[in-house]
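So this one's structure.cif, mmCIF, C-alpha atoms; chains and numbers go by the auth columns:
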data_my_file
loop_
_atom_site.group_PDB
_atom_site.id
_atom_site.type_symbol
_atom_site.label_atom_id
_atom_site.label_comp_id
_atom_site.label_asym_id
_atom_site.label_seq_id
_atom_site.Cartn_x
_atom_site.Cartn_y
_atom_site.Cartn_z
_atom_site.B_iso_or_equiv
_atom_site.auth_seq_id
_atom_site.auth_asym_id
ATOM 1 C CA MET A 1 154.803 124.960 101.183 0.00 1 Y
ATOM 2 C CA GLN A 2 151.812 126.979 99.982 0.00 2 Y
ATOM 3 C CA TYR A 3 148.351 125.427 99.608 0.00 3 Y
ATOM 4 C CA ILE A 4 144.839 126.451 98.681 0.00 4 Y
ATOM 5 C CA ALA A 5 142.227 125.470 101.248 0.00 5 Y
ATOM 6 C CA MET A 6 138.719 125.368 99.837 0.00 6 Y
ATOM 7 C CA ILE A 7 135.629 125.510 102.036 0.00 7 Y
ATOM 8 C CA GLY A 8 132.170 125.235 100.524 0.00 8 Y
ATOM 9 C CA ASP A 9 128.965 126.046 102.371 0.00 9 Y
ATOM 10 C CA VAL A 10 125.549 125.081 100.958 0.00 10 Y
ATOM 11 C CA ILE A 11 123.336 128.166 101.054 0.00 11 Y
ATOM 12 C CA GLU A 12 120.044 127.825 102.926 0.00 12 Y
ATOM 13 C CA SER A 13 120.603 124.098 103.375 0.00 13 Y
ATOM 14 C CA LYS A 14 118.045 123.894 106.172 0.00 14 Y
ATOM 15 C CA SER A 15 115.297 124.823 103.711 0.00 15 Y
ATOM 16 C CA ILE A 16 116.139 122.003 101.281 0.00 16 Y
ATOM 17 C CA LYS A 17 113.162 119.649 101.369 0.00 17 Y
ATOM 18 C CA GLU A 18 115.019 116.577 100.092 0.00 18 Y
ATOM 19 C CA ARG A 19 118.111 116.945 102.290 0.00 19 Y
ATOM 20 C CA GLN A 20 119.227 113.323 102.001 0.00 20 Y
ATOM 21 C CA GLN A 21 118.965 113.460 98.221 0.00 21 Y
ATOM 22 C CA ALA A 22 120.944 116.725 98.134 0.00 22 Y
ATOM 23 C CA GLN A 23 123.609 115.298 100.464 0.00 23 Y
ATOM 24 C CA ASP A 24 123.896 112.171 98.304 0.00 24 Y
ATOM 25 C CA GLN A 25 124.255 114.365 95.225 0.00 25 Y
ATOM 26 C CA LEU A 26 126.978 116.429 96.927 0.00 26 Y
ATOM 27 C CA ASN A 27 128.819 113.272 98.047 0.00 27 Y
ATOM 28 C CA LYS A 28 128.780 111.963 94.471 0.00 28 Y
ATOM 29 C CA ILE A 29 130.106 115.268 93.083 0.00 29 Y
ATOM 30 C CA LEU A 30 132.920 115.453 95.634 0.00 30 Y
ATOM 31 C CA LYS A 31 133.914 111.828 95.027 0.00 31 Y
ATOM 32 C CA GLN A 32 134.123 112.514 91.271 0.00 32 Y
ATOM 33 C CA LEU A 33 136.257 115.605 91.888 0.00 33 Y
ATOM 34 C CA ASN A 34 138.579 113.644 94.180 0.00 34 Y
ATOM 35 C CA GLU A 35 139.199 111.224 91.309 0.00 35 Y
ATOM 36 C CA GLN A 36 139.332 113.791 88.514 0.00 36 Y
ATOM 37 C CA TYR A 37 141.727 116.158 90.285 0.00 37 Y
ATOM 38 C CA GLN A 38 143.751 113.660 92.304 0.00 38 Y
ATOM 39 C CA THR A 39 147.028 115.169 91.047 0.00 39 Y
ATOM 40 C CA THR A 40 146.168 118.605 92.480 0.00 40 Y
ATOM 41 C CA ILE A 41 144.196 117.573 95.575 0.00 41 Y
ATOM 42 C CA VAL A 42 146.389 117.176 98.646 0.00 42 Y
ATOM 43 C CA SER A 43 143.537 116.255 101.019 0.00 43 Y
ATOM 44 C CA ASN A 44 140.296 114.943 99.519 0.00 44 Y
ATOM 45 C CA PHE A 45 137.018 116.799 99.486 0.00 45 Y
ATOM 46 C CA THR A 46 135.202 115.880 102.677 0.00 46 Y
ATOM 47 C CA ILE A 47 131.826 116.855 104.072 0.00 47 Y
ATOM 48 C CA THR A 48 132.663 118.312 107.471 0.00 48 Y
ATOM 49 C CA THR A 49 129.170 119.206 108.673 0.00 49 Y
ATOM 50 C CA GLY A 50 125.743 118.665 107.162 0.00 50 Y
ATOM 51 C CA ASP A 51 126.052 121.627 104.823 0.00 51 Y
ATOM 52 C CA GLU A 52 129.782 122.298 104.596 0.00 52 Y
ATOM 53 C CA PHE A 53 132.713 120.598 102.850 0.00 53 Y
ATOM 54 C CA GLN A 54 136.399 121.266 102.401 0.00 54 Y
ATOM 55 C CA ALA A 55 139.561 120.149 100.623 0.00 55 Y
ATOM 56 C CA LEU A 56 143.206 121.090 100.503 0.00 56 Y
ATOM 57 C CA LEU A 57 144.670 121.733 97.056 0.00 57 Y
ATOM 58 C CA THR A 58 148.116 122.396 95.641 0.00 58 Y
ATOM 59 C CA ALA A 59 148.939 126.038 94.969 0.00 59 Y
ATOM 60 C CA LYS A 60 148.613 125.385 91.216 0.00 60 Y
ATOM 61 C CA ALA A 61 145.213 123.685 91.372 0.00 61 Y
ATOM 62 C CA PRO A 62 142.487 125.034 89.047 0.00 62 Y
ATOM 63 C CA PHE A 63 140.379 126.084 92.034 0.00 63 Y
ATOM 64 C CA LEU A 64 138.024 128.346 90.083 0.00 64 Y
ATOM 65 C CA ARG A 65 137.270 125.565 87.623 0.00 65 Y
ATOM 66 C CA ILE A 66 136.640 123.170 90.517 0.00 66 Y
ATOM 67 C CA MET A 67 134.286 125.738 92.054 0.00 67 Y
ATOM 68 C CA ASP A 68 132.402 126.088 88.766 0.00 68 Y
ATOM 69 C CA GLU A 69 132.168 122.311 88.384 0.00 69 Y
ATOM 70 C CA ILE A 70 130.590 122.062 91.832 0.00 70 Y
ATOM 71 C CA LEU A 71 128.179 124.908 91.091 0.00 71 Y
ATOM 72 C CA MET A 72 127.075 123.380 87.788 0.00 72 Y
ATOM 73 C CA ALA A 73 126.765 119.804 89.066 0.00 73 Y
ATOM 74 C CA PHE A 74 124.927 120.785 92.258 0.00 74 Y
ATOM 75 C CA ARG A 75 122.220 122.880 90.607 0.00 75 Y
ATOM 76 C CA PRO A 76 119.632 123.986 91.658 0.00 76 Y
ATOM 77 C CA TYR A 77 121.335 124.317 95.053 0.00 77 Y
ATOM 78 C CA LYS A 78 123.709 127.199 95.663 0.00 78 Y
ATOM 79 C CA VAL A 79 127.078 127.156 97.431 0.00 79 Y
ATOM 80 C CA ARG A 80 129.335 129.877 98.798 0.00 80 Y
ATOM 81 C CA PHE A 81 133.100 129.346 98.729 0.00 81 Y
ATOM 82 C CA GLY A 82 136.006 130.513 100.824 0.00 82 Y
ATOM 83 C CA PHE A 83 139.521 129.983 99.507 0.00 83 Y
ATOM 84 C CA GLY A 84 142.581 130.368 101.696 0.00 84 Y
ATOM 85 C CA LEU A 85 146.131 130.727 100.472 0.00 85 Y
ATOM 86 C CA GLY A 86 148.812 129.727 102.938 0.00 86 Y
ATOM 87 C CA GLU A 87 150.818 127.059 104.668 0.00 87 Y
ATOM 88 C CA MET A 88 149.784 124.161 106.866 0.00 88 Y
ATOM 89 C CA MET A 89 151.124 123.694 110.374 0.00 89 Y
ATOM 90 C CA THR A 90 149.971 120.144 111.118 0.00 90 Y
ATOM 91 C CA GLU A 91 150.088 116.780 109.418 0.00 91 Y
ATOM 92 C CA ILE A 92 147.814 116.433 106.396 0.00 92 Y
ATOM 93 C CA ASN A 93 145.567 113.409 105.920 0.00 93 Y
ATOM 94 C CA ASN A 94 145.304 112.789 102.183 0.00 94 Y
ATOM 95 C CA GLU A 95 142.095 110.750 102.464 0.00 95 Y
ATOM 96 C CA ILE A 96 139.895 113.100 104.484 0.00 96 Y
ATOM 97 C CA SER A 97 140.141 116.827 104.942 0.00 97 Y
ATOM 98 C CA ILE A 98 139.591 116.902 108.695 0.00 98 Y
ATOM 99 C CA GLY A 99 142.051 117.567 111.490 0.00 99 Y
ATOM 100 C CA ALA A 100 144.703 119.494 109.587 0.00 100 Y
ATOM 101 C CA ASP A 101 145.316 123.074 110.633 0.00 101 Y
ATOM 102 C CA GLY A 102 147.171 126.097 109.392 0.00 102 Y
ATOM 103 C CA PRO A 103 146.903 129.507 107.746 0.00 103 Y
ATOM 104 C CA ALA A 104 145.436 128.092 104.524 0.00 104 Y
ATOM 105 C CA TYR A 105 142.333 126.905 106.405 0.00 105 Y
ATOM 106 C CA TRP A 106 142.269 129.973 108.666 0.00 106 Y
ATOM 107 C CA HIS A 107 142.140 132.259 105.624 0.00 107 Y
ATOM 108 C CA ALA A 108 139.472 130.117 103.927 0.00 108 Y
ATOM 109 C CA ARG A 109 137.343 130.262 107.092 0.00 109 Y
ATOM 110 C CA ALA A 110 137.813 134.046 107.317 0.00 110 Y
ATOM 111 C CA ALA A 111 136.718 134.339 103.670 0.00 111 Y
ATOM 112 C CA ILE A 112 133.526 132.331 104.336 0.00 112 Y
ATOM 113 C CA GLU A 113 132.776 134.431 107.421 0.00 113 Y
ATOM 114 C CA TYR A 114 133.296 137.618 105.408 0.00 114 Y
ATOM 115 C CA ILE A 115 130.727 136.437 102.859 0.00 115 Y
ATOM 116 C CA HIS A 116 128.249 135.652 105.656 0.00 116 Y
ATOM 117 C CA GLU A 117 128.648 139.179 107.032 0.00 117 Y
ATOM 118 C CA LYS A 118 128.952 141.181 103.793 0.00 118 Y
ATOM 119 C CA ASN A 119 127.557 139.296 100.855 0.00 119 Y
ATOM 120 C CA ASP A 120 126.523 142.282 98.719 0.00 120 Y
ATOM 121 C CA TYR A 121 122.807 141.521 98.924 0.00 121 Y
ATOM 122 C CA GLY A 122 123.373 137.842 98.199 0.00 122 Y
ATOM 123 C CA MET A 123 125.536 138.487 95.135 0.00 123 Y
ATOM 124 C CA THR A 124 128.978 137.579 96.528 0.00 124 Y
ATOM 125 C CA GLN A 125 129.407 133.824 96.898 0.00 125 Y
ATOM 126 C CA ALA A 126 133.200 133.403 96.651 0.00 126 Y
ATOM 127 C CA ARG A 127 136.156 135.060 98.333 0.00 127 Y
ATOM 128 C CA ILE A 128 139.882 134.491 98.680 0.00 128 Y
ATOM 129 C CA GLY A 129 141.675 134.961 101.984 0.00 129 Y
ATOM 130 C CA HIS A 130 145.400 135.547 102.434 0.00 130 Y
ATOM 131 C CA LYS A 131 147.678 136.998 105.120 0.00 131 Y
ATOM 132 C CA ASN A 132 148.281 139.996 102.852 0.00 132 Y
ATOM 133 C CA THR A 133 144.795 141.220 102.001 0.00 133 Y
ATOM 134 C CA GLU A 134 146.157 143.688 99.438 0.00 134 Y
ATOM 135 C CA THR A 135 147.540 140.766 97.433 0.00 135 Y
ATOM 136 C CA VAL A 136 144.119 139.233 96.859 0.00 136 Y
ATOM 137 C CA GLU A 137 141.839 142.270 96.963 0.00 137 Y
ATOM 138 C CA ASP A 138 141.844 142.685 93.171 0.00 138 Y
ATOM 139 C CA LEU A 139 141.023 138.993 92.790 0.00 139 Y
ATOM 140 C CA ASN A 140 138.137 139.378 95.225 0.00 140 Y
ATOM 141 C CA HIS A 141 136.782 142.296 93.211 0.00 141 Y
ATOM 142 C CA TYR A 142 136.920 140.143 90.057 0.00 142 Y
ATOM 143 C CA LEU A 143 135.206 137.268 91.871 0.00 143 Y
ATOM 144 C CA ALA A 144 132.464 139.600 93.127 0.00 144 Y
ATOM 145 C CA LEU A 145 131.946 140.983 89.623 0.00 145 Y
ATOM 146 C CA THR A 146 131.815 137.465 88.184 0.00 146 Y
ATOM 147 C CA GLU A 147 129.243 136.412 90.773 0.00 147 Y
ATOM 148 C CA TYR A 148 127.176 139.515 90.078 0.00 148 Y
ATOM 149 C CA ILE A 149 127.104 138.723 86.355 0.00 149 Y
ATOM 150 C CA ARG A 150 126.391 135.032 87.002 0.00 150 Y
ATOM 151 C CA SER A 151 123.446 135.915 89.262 0.00 151 Y
ATOM 152 C CA SER A 152 121.542 137.258 86.261 0.00 152 Y
ATOM 153 C CA TRP A 153 122.268 134.344 83.913 0.00 153 Y
ATOM 154 C CA VAL A 154 119.375 132.575 82.271 0.00 154 Y
ATOM 155 C CA THR A 155 119.219 128.779 82.080 0.00 155 Y
ATOM 156 C CA SER A 156 120.895 128.606 78.665 0.00 156 Y
ATOM 157 C CA GLN A 157 123.944 130.507 79.944 0.00 157 Y
ATOM 158 C CA ASN A 158 124.327 128.085 82.847 0.00 158 Y
ATOM 159 C CA ASP A 159 123.877 125.192 80.429 0.00 159 Y
ATOM 160 C CA LEU A 160 126.600 126.620 78.190 0.00 160 Y
ATOM 161 C CA LEU A 161 129.057 126.758 81.080 0.00 161 Y
ATOM 162 C CA ALA A 162 128.210 123.142 81.929 0.00 162 Y
ATOM 163 C CA VAL A 163 128.968 122.139 78.310 0.00 163 Y
ATOM 164 C CA LEU A 164 132.265 124.060 78.338 0.00 164 Y
ATOM 165 C CA LEU A 165 133.285 122.269 81.531 0.00 165 Y
ATOM 166 C CA ALA A 166 132.197 118.854 80.247 0.00 166 Y
ATOM 167 C CA ASN A 167 134.148 119.311 77.005 0.00 167 Y
ATOM 168 C CA ASP A 168 137.269 120.723 78.705 0.00 168 Y
ATOM 169 C CA ILE A 169 136.965 124.067 76.902 0.00 169 Y
ATOM 170 C CA TYR A 170 136.949 126.006 80.171 0.00 170 Y
ATOM 171 C CA GLN A 171 139.629 128.577 80.967 0.00 171 Y
ATOM 172 C CA GLU A 172 139.975 130.290 84.321 0.00 172 Y
#

Would you write the structure of this file as structure tokens?
Amino acid sequence: MQYIAMIGDVIESKSIKERQQAQDQLNKILKQLNEQYQTTIVSNFTITTGDEFQALLTAKAPFLRIMDEILMAFRPYKVRFGFGLGEMMTEINNEISIGADGPAYWHARAAIEYIHEKNDYGMTQARIGHKNTETVEDLNHYLALTEYIRSSWVTSQNDLLAVLLANDIYQE
């Protein structure tokens, strides 16, 4: 069975002055997402380290919408995302996203590492990993272009996206 593994990494988390407040905010966001998307989340969003979180989603999950919801709700902090498409090789714990292993998570981790190494001057914050890189390369170009455009948004454009998400007018 195919899954989407999602790994989020808070950018420059060590420089956040109110770390506990930011972590509490992130916990609240992830808890809300676990409830809102319970039909497409296989293993709940879980903070795995101080500045990283992950979840396992069904192959049909609206992962880009979930990413945008996190980005909007967690402002002013920024997050990079790695998505992995693939199977799982171990048992999956539905409650916490720790301990499971397989290509879905391997590809998500490779995507995050790619962003760390080659982030296009800080513009690329999301990437999809898959065993067949040609399959997702066009998607990664679209994601990079989207992130480039988003990086120049003014406050009102971000606010508009937040309203679209809140009113369920969003389309991937």

Just so the selection is clear, what residues does the PyMOL selection byres ((chain Y and resi 153-168) around 9) cover here, as a PyMOL selection string? chain Y and resi 65+68-69+72-73+149-152+169-171

Could you save those same residues with C-alpha atoms as a PDB file, keeping the file's coordinate frame?
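And here's selection.pdb as it stands now:
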ATOM      1  CA  ARG Y  65     137.270 125.565  87.623  1.00  0.00           C
ATOM      2  CA  ASP Y  68     132.402 126.088  88.766  1.00  0.00           C
ATOM      3  CA  GLU Y  69     132.168 122.311  88.384  1.00  0.00           C
ATOM      4  CA  MET Y  72     127.075 123.380  87.788  1.00  0.00           C
ATOM      5  CA  ALA Y  73     126.765 119.804  89.066  1.00  0.00           C
ATOM      6  CA  ILE Y 149     127.104 138.723  86.355  1.00  0.00           C
ATOM      7  CA  ARG Y 150     126.391 135.032  87.002  1.00  0.00           C
ATOM      8  CA  SER Y 151     123.446 135.915  89.262  1.00  0.00           C
ATOM      9  CA  SER Y 152     121.542 137.258  86.261  1.00  0.00           C
ATOM     10  CA  ILE Y 169     136.965 124.067  76.902  1.00  0.00           C
ATOM     11  CA  TYR Y 170     136.949 126.006  80.171  1.00  0.00           C
ATOM     12  CA  GLN Y 171     139.629 128.577  80.967  1.00  0.00           C
TER      13      GLN Y 171
END

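The environment of stretch 9-11 of chain Y within 9 Å, counting only C-alpha atoms and disregarding residues fewer than 4 places along the same chain, consists of Gly50, Asp51, Glu52, Phe53, Gln54, Tyr77, Lys78, Val79, Arg80, Phe81, Gly82 and Ile112 of chain Y.
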
Can you list, as a tab-separated table (two decimals) with C-alpha atoms, in the coordinates of the input, every protein, DNA or RNA residue that comes within 10 Å of Y:Ala59 when you count all atoms listed in the file, leaving out same-chain residues fewer than 6 positions away?
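Wrote out.tsv, looks like this:
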chain	number	residue	atom	x	y	z
Y	1	MET	CA	154.80	124.96	101.18
Y	2	GLN	CA	151.81	126.98	99.98
Y	3	TYR	CA	148.35	125.43	99.61
Y	4	ILE	CA	144.84	126.45	98.68
Y	5	ALA	CA	142.23	125.47	101.25
Y	40	THR	CA	146.17	118.60	92.48
Y	41	ILE	CA	144.20	117.57	95.58
Y	42	VAL	CA	146.39	117.18	98.65
Y	85	LEU	CA	146.13	130.73	100.47
Y	86	GLY	CA	148.81	129.73	102.94
Y	87	GLU	CA	150.82	127.06	104.67

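Nearest to Y:Pro62 of all the residues Y:Thr48, Y:Thr39, Y:Gln25, Y:Ser97 is Y:Thr39, counting all atoms listed in the file.
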
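With distances taken over all atoms listed in the file, Y:Arg127 is the one residue among Y:Lys118, Y:Arg127, Y:His107, Y:Arg75 lying closest to Y:Asn140.
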
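For Y:Lys28, the list of residues within 12 Å, based on all atoms listed in the file and with local chain neighbours fewer than 2 positions off taken out, reads Gln21, Ala22, Gln23, Asp24, Gln25, Leu26, Leu30, Lys31, Gln32, Leu33, Asn34, Glu35, Phe45, Thr46, Ile47, Ile70, Ala73 and Phe74 of chain Y.
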
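Taking atom CA of Y:Tyr37 and atom CA of Y:Gln20 as the two end points, the separation is 25.5 Å.
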
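Selection by the PyMOL selection byres ((chain Y and resi 139) around 12) on the present file picks out Y:Leu64, Y:Phe83, Y:Ala126, Y:Arg127, Y:Ile128, Y:Gly129, Y:His130, Y:Thr133, Y:Glu134, Y:Thr135, Y:Val136, Y:Glu137, Y:Asp138, Y:Asn140, Y:His141, Y:Tyr142, Y:Leu143, Y:Ala144, Y:Leu145, Y:Thr146.
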
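Counting all atoms listed in the file and comparing Y:Glu18, Y:Ile96, Y:Thr49, Y:Met6, the residue that lies closest to Y:Ala61 is Y:Met6.
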
Subset file as a PDB file, in the first residue's frame: stretch 30-55 of chain Y, N, CA, C and O atoms:
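Printed below is selection08.pdb as written:
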ATOM      1  N   LEU Y  30      -0.853  20.806  15.338  1.00  0.00           N
ATOM      2  CA  LEU Y  30      -0.794  19.396  14.940  1.00  0.00           C
ATOM      3  C   LEU Y  30      -1.963  18.611  15.519  1.00  0.00           C
ATOM      4  O   LEU Y  30      -2.529  17.742  14.844  1.00  0.00           O
ATOM      5  N   LYS Y  31      -2.350  18.915  16.743  1.00  0.00           N
ATOM      6  CA  LYS Y  31      -3.504  18.252  17.358  1.00  0.00           C
ATOM      7  C   LYS Y  31      -4.773  18.551  16.560  1.00  0.00           C
ATOM      8  O   LYS Y  31      -5.584  17.655  16.293  1.00  0.00           O
ATOM      9  N   GLN Y  32      -4.948  19.812  16.153  1.00  0.00           N
ATOM     10  CA  GLN Y  32      -6.116  20.193  15.351  1.00  0.00           C
ATOM     11  C   GLN Y  32      -6.127  19.461  14.007  1.00  0.00           C
ATOM     12  O   GLN Y  32      -7.173  18.994  13.559  1.00  0.00           O
ATOM     13  N   LEU Y  33      -4.952  19.354  13.383  1.00  0.00           N
ATOM     14  CA  LEU Y  33      -4.867  18.645  12.105  1.00  0.00           C
ATOM     15  C   LEU Y  33      -5.182  17.166  12.269  1.00  0.00           C
ATOM     16  O   LEU Y  33      -5.841  16.567  11.412  1.00  0.00           O
ATOM     17  N   ASN Y  34      -4.705  16.567  13.363  1.00  0.00           N
ATOM     18  CA  ASN Y  34      -5.002  15.157  13.622  1.00  0.00           C
ATOM     19  C   ASN Y  34      -6.508  14.916  13.707  1.00  0.00           C
ATOM     20  O   ASN Y  34      -7.001  13.886  13.242  1.00  0.00           O
ATOM     21  N   GLU Y  35      -7.232  15.856  14.278  1.00  0.00           N
ATOM     22  CA  GLU Y  35      -8.688  15.738  14.371  1.00  0.00           C
ATOM     23  C   GLU Y  35      -9.351  16.044  13.040  1.00  0.00           C
ATOM     24  O   GLU Y  35     -10.232  15.315  12.590  1.00  0.00           O
ATOM     25  N   GLN Y  36      -8.932  17.119  12.403  1.00  0.00           N
ATOM     26  CA  GLN Y  36      -9.565  17.566  11.161  1.00  0.00           C
ATOM     27  C   GLN Y  36      -9.374  16.571  10.016  1.00  0.00           C
ATOM     28  O   GLN Y  36     -10.278  16.384   9.208  1.00  0.00           O
ATOM     29  N   TYR Y  37      -8.220  15.955   9.949  1.00  0.00           N
ATOM     30  CA  TYR Y  37      -7.903  15.060   8.829  1.00  0.00           C
ATOM     31  C   TYR Y  37      -7.792  13.602   9.262  1.00  0.00           C
ATOM     32  O   TYR Y  37      -7.079  12.818   8.642  1.00  0.00           O
ATOM     33  N   GLN Y  38      -8.535  13.220  10.295  1.00  0.00           N
ATOM     34  CA  GLN Y  38      -8.409  11.869  10.821  1.00  0.00           C
ATOM     35  C   GLN Y  38      -8.730  10.781   9.800  1.00  0.00           C
ATOM     36  O   GLN Y  38      -8.215   9.674   9.894  1.00  0.00           O
ATOM     37  N   THR Y  39      -9.524  11.105   8.764  1.00  0.00           N
ATOM     38  CA  THR Y  39      -9.850  10.087   7.764  1.00  0.00           C
ATOM     39  C   THR Y  39      -8.723   9.866   6.760  1.00  0.00           C
ATOM     40  O   THR Y  39      -8.708   8.851   6.067  1.00  0.00           O
ATOM     41  N   THR Y  40      -7.767  10.816   6.684  1.00  0.00           N
ATOM     42  CA  THR Y  40      -6.655  10.649   5.746  1.00  0.00           C
ATOM     43  C   THR Y  40      -5.297  10.537   6.445  1.00  0.00           C
ATOM     44  O   THR Y  40      -4.286  10.368   5.784  1.00  0.00           O
ATOM     45  N   ILE Y  41      -5.297  10.633   7.769  1.00  0.00           N
ATOM     46  CA  ILE Y  41      -4.054  10.458   8.528  1.00  0.00           C
ATOM     47  C   ILE Y  41      -3.993   9.025   9.027  1.00  0.00           C
ATOM     48  O   ILE Y  41      -4.892   8.558   9.725  1.00  0.00           O
ATOM     49  N   VAL Y  42      -2.934   8.331   8.653  1.00  0.00           N
ATOM     50  CA  VAL Y  42      -2.737   6.940   9.064  1.00  0.00           C
ATOM     51  C   VAL Y  42      -2.024   6.892  10.415  1.00  0.00           C
ATOM     52  O   VAL Y  42      -2.333   6.067  11.264  1.00  0.00           O
ATOM     53  N   SER Y  43      -1.040   7.766  10.598  1.00  0.00           N
ATOM     54  CA  SER Y  43      -0.299   7.881  11.854  1.00  0.00           C
ATOM     55  C   SER Y  43      -0.211   9.359  12.193  1.00  0.00           C
ATOM     56  O   SER Y  43       0.303  10.160  11.405  1.00  0.00           O
ATOM     57  N   ASN Y  44      -0.716   9.733  13.355  1.00  0.00           N
ATOM     58  CA  ASN Y  44      -0.888  11.131  13.743  1.00  0.00           C
ATOM     59  C   ASN Y  44       0.390  11.961  13.666  1.00  0.00           C
ATOM     60  O   ASN Y  44       1.493  11.438  13.864  1.00  0.00           O
ATOM     61  N   PHE Y  45       0.190  13.252  13.435  1.00  0.00           N
ATOM     62  CA  PHE Y  45       1.292  14.194  13.515  1.00  0.00           C
ATOM     63  C   PHE Y  45       1.908  14.113  14.905  1.00  0.00           C
ATOM     64  O   PHE Y  45       1.193  14.162  15.906  1.00  0.00           O
ATOM     65  N   THR Y  46       3.226  14.003  14.931  1.00  0.00           N
ATOM     66  CA  THR Y  46       3.964  13.843  16.172  1.00  0.00           C
ATOM     67  C   THR Y  46       5.242  14.661  16.100  1.00  0.00           C
ATOM     68  O   THR Y  46       5.937  14.623  15.082  1.00  0.00           O
ATOM     69  N   ILE Y  47       5.538  15.395  17.165  1.00  0.00           N
ATOM     70  CA  ILE Y  47       6.825  16.074  17.234  1.00  0.00           C
ATOM     71  C   ILE Y  47       7.865  15.017  17.579  1.00  0.00           C
ATOM     72  O   ILE Y  47       7.739  14.313  18.577  1.00  0.00           O
ATOM     73  N   THR Y  48       8.871  14.895  16.718  1.00  0.00           N
ATOM     74  CA  THR Y  48       9.866  13.835  16.888  1.00  0.00           C
ATOM     75  C   THR Y  48      11.141  14.338  17.536  1.00  0.00           C
ATOM     76  O   THR Y  48      11.834  13.594  18.199  1.00  0.00           O
ATOM     77  N   THR Y  49      11.473  15.584  17.316  1.00  0.00           N
ATOM     78  CA  THR Y  49      12.582  16.250  17.997  1.00  0.00           C
ATOM     79  C   THR Y  49      12.082  17.650  18.307  1.00  0.00           C
ATOM     80  O   THR Y  49      10.963  18.012  17.941  1.00  0.00           O
ATOM     81  N   GLY Y  50      12.888  18.461  18.927  1.00  0.00           N
ATOM     82  CA  GLY Y  50      12.452  19.796  19.311  1.00  0.00           C
ATOM     83  C   GLY Y  50      11.930  20.641  18.176  1.00  0.00           C
ATOM     84  O   GLY Y  50      11.029  21.450  18.361  1.00  0.00           O
ATOM     85  N   ASP Y  51      12.465  20.454  16.971  1.00  0.00           N
ATOM     86  CA  ASP Y  51      12.060  21.307  15.861  1.00  0.00           C
ATOM     87  C   ASP Y  51      11.560  20.534  14.645  1.00  0.00           C
ATOM     88  O   ASP Y  51      11.458  21.080  13.563  1.00  0.00           O
ATOM     89  N   GLU Y  52      11.240  19.275  14.817  1.00  0.00           N
ATOM     90  CA  GLU Y  52      10.807  18.455  13.691  1.00  0.00           C
ATOM     91  C   GLU Y  52       9.558  17.665  14.067  1.00  0.00           C
ATOM     92  O   GLU Y  52       9.389  17.274  15.221  1.00  0.00           O
ATOM     93  N   PHE Y  53       8.689  17.439  13.081  1.00  0.00           N
ATOM     94  CA  PHE Y  53       7.473  16.651  13.293  1.00  0.00           C
ATOM     95  C   PHE Y  53       7.215  15.823  12.048  1.00  0.00           C
ATOM     96  O   PHE Y  53       7.776  16.085  10.975  1.00  0.00           O
ATOM     97  N   GLN Y  54       6.370  14.805  12.209  1.00  0.00           N
ATOM     98  CA  GLN Y  54       6.064  13.953  11.063  1.00  0.00           C
ATOM     99  C   GLN Y  54       4.704  13.305  11.228  1.00  0.00           C
ATOM    100  O   GLN Y  54       4.141  13.259  12.319  1.00  0.00           O
ATOM    101  N   ALA Y  55       4.176  12.808  10.105  1.00  0.00           N
ATOM    102  CA  ALA Y  55       2.916  12.078  10.071  1.00  0.00           C
ATOM    103  C   ALA Y  55       2.949  11.164   8.852  1.00  0.00           C
ATOM    104  O   ALA Y  55       3.734  11.361   7.919  1.00  0.00           O
TER     105      ALA Y  55
END
